[in-house]
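Quick look at run.txt (compact mmCIF, C-alpha atoms):
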# COMPACT_ATOMS: atom_id res chain seq x y z
CA MET A 1 77.92 48.62 143.14
CA GLU A 2 79.57 47.13 140.04
CA TYR A 3 80.11 48.68 136.66
CA GLY A 4 82.31 48.24 133.64
CA SER A 5 83.43 44.86 132.38
CA ALA A 6 82.90 41.73 134.43
CA TRP A 7 85.84 40.43 136.46
CA LEU A 8 87.25 37.41 134.71
CA GLY A 9 89.48 36.06 137.46
CA ALA A 10 87.50 32.95 138.39
CA ALA A 11 88.55 30.83 135.40
CA ILE A 12 92.30 31.51 135.74
CA PRO A 13 94.53 28.54 136.54
CA ALA A 14 96.65 28.97 139.69
CA SER A 15 99.78 29.30 137.54
CA ARG A 16 98.45 32.60 136.10
CA LEU A 17 97.35 34.36 139.26
CA MET A 18 95.34 37.54 138.74
CA ALA A 19 96.22 37.49 135.04
CA ASN A 20 92.79 38.55 133.82
CA LEU A 21 91.28 40.87 136.38
CA LEU A 22 89.12 43.33 134.52
CA GLY A 23 86.35 45.73 135.45
CA SER A 24 85.68 47.72 138.56
CA SER A 25 83.57 47.59 141.69
CA GLU A 26 82.98 49.76 144.75
CA HIS A 27 83.63 48.58 148.30
CA GLY A 28 83.92 50.16 151.72
CA LEU A 29 86.86 50.26 154.09
CA ASP A 30 85.85 49.40 157.64
CA ASP A 31 86.67 51.58 160.65
CA LYS A 32 90.13 49.97 160.91
CA GLY A 33 91.08 50.52 157.27
CA ARG A 34 90.39 46.94 156.27
CA LEU A 35 89.07 45.97 152.86
CA ILE A 36 87.09 42.80 152.22
CA LEU A 37 88.56 41.33 149.05
CA PRO A 38 85.75 40.28 146.72
CA GLY A 39 85.38 36.66 145.72
CA ARG A 40 86.26 37.50 142.13
CA ILE A 41 89.79 38.29 143.32
CA LEU A 42 90.27 35.61 145.95
CA ASP A 43 88.55 32.89 143.92
CA SER A 44 91.16 33.40 141.19
CA VAL A 45 93.97 32.56 143.62
CA ALA A 46 94.51 29.22 145.34
CA LYS A 47 93.87 29.70 149.07
CA ALA A 48 97.42 28.50 149.80
CA ASP A 49 98.63 31.52 147.77
CA TRP A 50 96.56 34.17 149.57
CA GLU A 51 99.57 36.41 150.08
CA PHE A 52 99.44 39.84 148.52
CA VAL A 53 101.47 43.02 148.44
CA VAL A 54 99.92 46.49 148.53
CA THR A 55 102.09 49.25 147.14
CA ALA A 56 101.87 52.89 146.12
CA GLY A 57 100.87 53.43 142.49
CA LEU A 58 101.95 56.27 140.23
CA ASP A 59 98.49 57.88 140.11
CA ARG A 60 97.88 58.31 143.87
CA CYS A 61 96.13 54.96 144.05
CA LEU A 62 97.29 51.70 145.58
CA LEU A 63 98.19 48.54 143.71
CA LEU A 64 97.30 45.07 144.93
CA HIS A 65 99.65 42.37 143.62
CA THR A 66 99.89 38.68 144.30
CA LYS A 67 103.16 37.91 146.07
CA LYS A 68 104.39 36.19 142.90
CA GLY A 69 103.34 39.11 140.70
CA PHE A 70 105.05 41.59 143.01
CA GLN A 71 108.26 39.55 142.93
CA GLU A 72 108.15 39.69 139.12
CA LEU A 73 107.82 43.49 139.34
CA VAL A 74 110.75 43.67 141.78
CA ASP A 75 112.82 41.59 139.37
CA ARG A 76 111.95 43.92 136.47
CA ILE A 77 112.72 47.02 138.50
CA GLY A 78 116.06 45.43 139.42
CA ARG A 79 116.97 45.25 135.73
CA ALA A 80 116.60 49.03 135.35
CA VAL A 81 119.64 51.30 135.12
CA PRO A 82 121.08 51.05 138.63
CA GLY A 83 121.92 54.26 140.41
CA SER A 84 119.99 56.61 138.14
CA ARG A 85 117.75 59.16 139.80
CA ALA A 86 114.68 57.67 138.08
CA HIS A 87 115.60 54.18 139.29
CA ARG A 88 116.01 55.34 142.89
CA ALA A 89 112.67 57.19 142.74
CA LEU A 90 110.94 54.11 141.33
CA CYS A 91 112.44 51.88 144.03
CA ARG A 92 111.36 54.37 146.70
CA ARG A 93 107.79 54.44 145.45
CA PHE A 94 107.23 50.75 144.74
CA LEU A 95 109.56 49.01 147.16
CA GLY A 96 109.79 51.54 149.97
CA HIS A 97 106.00 51.92 150.10
CA SER A 98 104.99 48.25 149.95
CA GLU A 99 103.45 46.03 152.57
CA ALA A 100 102.72 42.33 152.54
CA VAL A 101 99.12 41.56 153.48
CA VAL A 102 97.28 38.28 154.07
CA PRO A 103 93.48 38.09 154.17
CA ASP A 104 92.06 37.14 157.56
CA GLY A 105 89.30 34.58 158.07
CA ASN A 106 86.75 37.15 156.87
CA ARG A 107 88.68 37.84 153.62
CA ARG A 108 89.83 41.25 154.87
CA ILE A 109 93.21 42.86 154.33
CA ARG A 110 94.46 45.69 156.51
CA ILE A 111 95.80 48.56 154.46
CA PRO A 112 98.60 50.26 156.43
CA ASP A 113 98.01 53.89 157.46
CA PRO A 114 100.88 55.37 155.37
CA LEU A 115 99.43 53.76 152.24
CA LEU A 116 95.91 54.92 153.10
CA LYS A 117 97.25 58.46 153.48
CA TYR A 118 99.22 58.28 150.21
CA ALA A 119 96.08 57.32 148.27
CA GLY A 120 93.84 59.86 150.03
CA LEU A 121 91.90 57.09 151.77
CA ALA A 122 90.52 56.88 155.29
CA PRO A 123 88.80 54.20 157.37
CA GLY A 124 85.07 54.05 156.61
CA GLN A 125 85.52 55.47 153.10
CA GLN A 126 84.28 54.00 149.81
CA VAL A 127 86.98 52.69 147.47
CA THR A 128 86.86 51.49 143.89
CA LEU A 129 88.79 48.41 142.80
CA VAL A 130 89.92 48.49 139.17
CA GLY A 131 91.30 45.35 137.56
CA LEU A 132 94.24 45.96 135.23
CA GLY A 133 94.98 42.42 134.16
CA GLN A 134 97.68 41.24 136.56
CA VAL A 135 97.15 43.85 139.27
CA CYS A 136 94.23 45.54 140.92
CA GLU A 137 94.15 49.28 141.67
CA ILE A 138 92.55 50.54 144.89
CA TRP A 139 91.24 54.09 144.42
CA SER A 140 89.45 56.72 146.37
CA THR A 141 86.21 56.68 144.37
CA GLU A 142 86.33 60.48 144.11
CA GLN A 143 89.96 60.55 142.94
CA LEU A 144 89.28 57.88 140.34
CA GLY A 145 86.47 60.00 138.89
CA THR A 146 88.82 62.98 138.68
CA SER A 147 91.55 60.89 137.08
CA LEU A 148 89.20 59.46 134.47
CA ALA A 149 87.90 62.94 133.65
CA GLU A 150 91.48 64.09 132.99
CA ALA A 151 92.14 61.58 130.19
CA GLY A 152 93.83 63.37 127.38
CA ALA A 153 95.80 63.26 124.17
CA ASP A 154 98.59 61.13 125.68
CA GLU A 155 96.16 58.29 126.35
CA GLU A 156 94.62 58.60 122.89
CA SER A 157 98.08 58.50 121.32
CA LEU A 158 99.14 55.47 123.36
CA PHE A 159 95.91 53.64 122.55
CA ALA A 160 96.35 54.38 118.84
CA SER A 161 99.94 53.08 118.96
CA LEU A 162 98.76 49.80 120.51
CA ILE A 163 96.07 49.13 117.94
CA GLU A 164 97.14 48.05 114.50
CA PRO A 165 95.72 50.41 111.90
CA THR A 166 93.02 48.79 109.85
CA LYS A 167 93.18 48.85 106.12
CA PRO A 168 90.15 49.95 104.13
CA LEU A 169 88.18 47.08 102.71
CA ALA A 170 88.65 46.60 98.98
CA SER A 171 85.47 47.23 97.11
CA VAL A 172 83.79 44.12 95.84
CA GLY A 173 82.92 43.98 92.17
CA GLY A 174 84.56 47.35 91.33
CA PRO A 175 82.95 50.08 89.22

Spit out the file's structure as structure tokens when you get a sec.
Amino acid sequence: MEYGSAWLGAAIPASRLMANLLGSSEHGLDDKGRLILPGRILDSVAKADWEFVVTAGLDRCLLLHTKKGFQELVDRIGRAVPGSRAHRALCRRFLGHSEAVVPDGNRRIRIPDPLLKYAGLAPGQQVTLVGLGQVCEIWSTEQLGTSLAEAGADEESLFASLIEPTKPLASVGGP
């Protein structure tokens, strides 16, 4: 089942891997906790670069990064204030709970058990993939619904801060 915006990954040059993944779609984990990556993800990445990293996200979901995209995240995290409690917690979550995965011949990735548990996922369960531009979230479909229902004033405020206020149109011809 697909809903939301269409995935736009197919037209991305290899130098901008996963740079425009948008939209969402539902998929099932098999009985071994494997996820078949849809063509809209894999077709946006040169087959020679089919190396990904799955890591814990902040919202009890998982994040799927290209290897290159994950390295960029590691580099950015490394520039944070070293030794601070927040920095250590961030490193624990993103680096300590990360696993490299490579799709098999059937385009499946195996999500490690600790990451499945973290995200409230289990073999045989439905998941929802949500494209966020350069990364793809992997959600328990139920938890995603709960998370979306909890959207609040913080999100509205952030969205408003990202959008330039529009100016009223000047009247044409005046009174």

**Request:** Tell me which protein, DNA and RNA residues are within 12 Å of region 92-109 of chain A, counting all atoms listed in the file, leaving out same-chain ones fewer than 3 positions away, and put them as number ranges by chain.
**Result:** A: 27-30, 32-43, 45, 47-68, 70-71, 73-78, 85-89, 112-119

**Request:** Show which residues sit within 7 Å of region 139-154 of chain A, as an NGL selection string. Count only C-alpha atoms, and ignore same-chain residues fewer than 3 positions away.
**Result:** :A and (61-62 or 119-121 or 126-129 or 157-158)

Padded axis-aligned box of region 41-48 of chain A (4 Å per side), centre and edge lengths, Å, one decimal, as lines of an AutoDock Vina configuration file:
center_x = 93.0
center_y = 33.4
center_z = 145.5
size_x = 16.9
size_y = 17.8
size_z = 16.6

**Request:** Could you tell me how far CA of Gly69 (chain A) lies from CA of Ile163 (chain A), in Å and to one decimal?
**Result:** 25.9 Å

**Asked** To one decimal place, how far is CA of Ser44 (chain A) from CA of Gly131 (chain A) in Å?
**Response**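 These atoms are spaced 12.5 Å apart.
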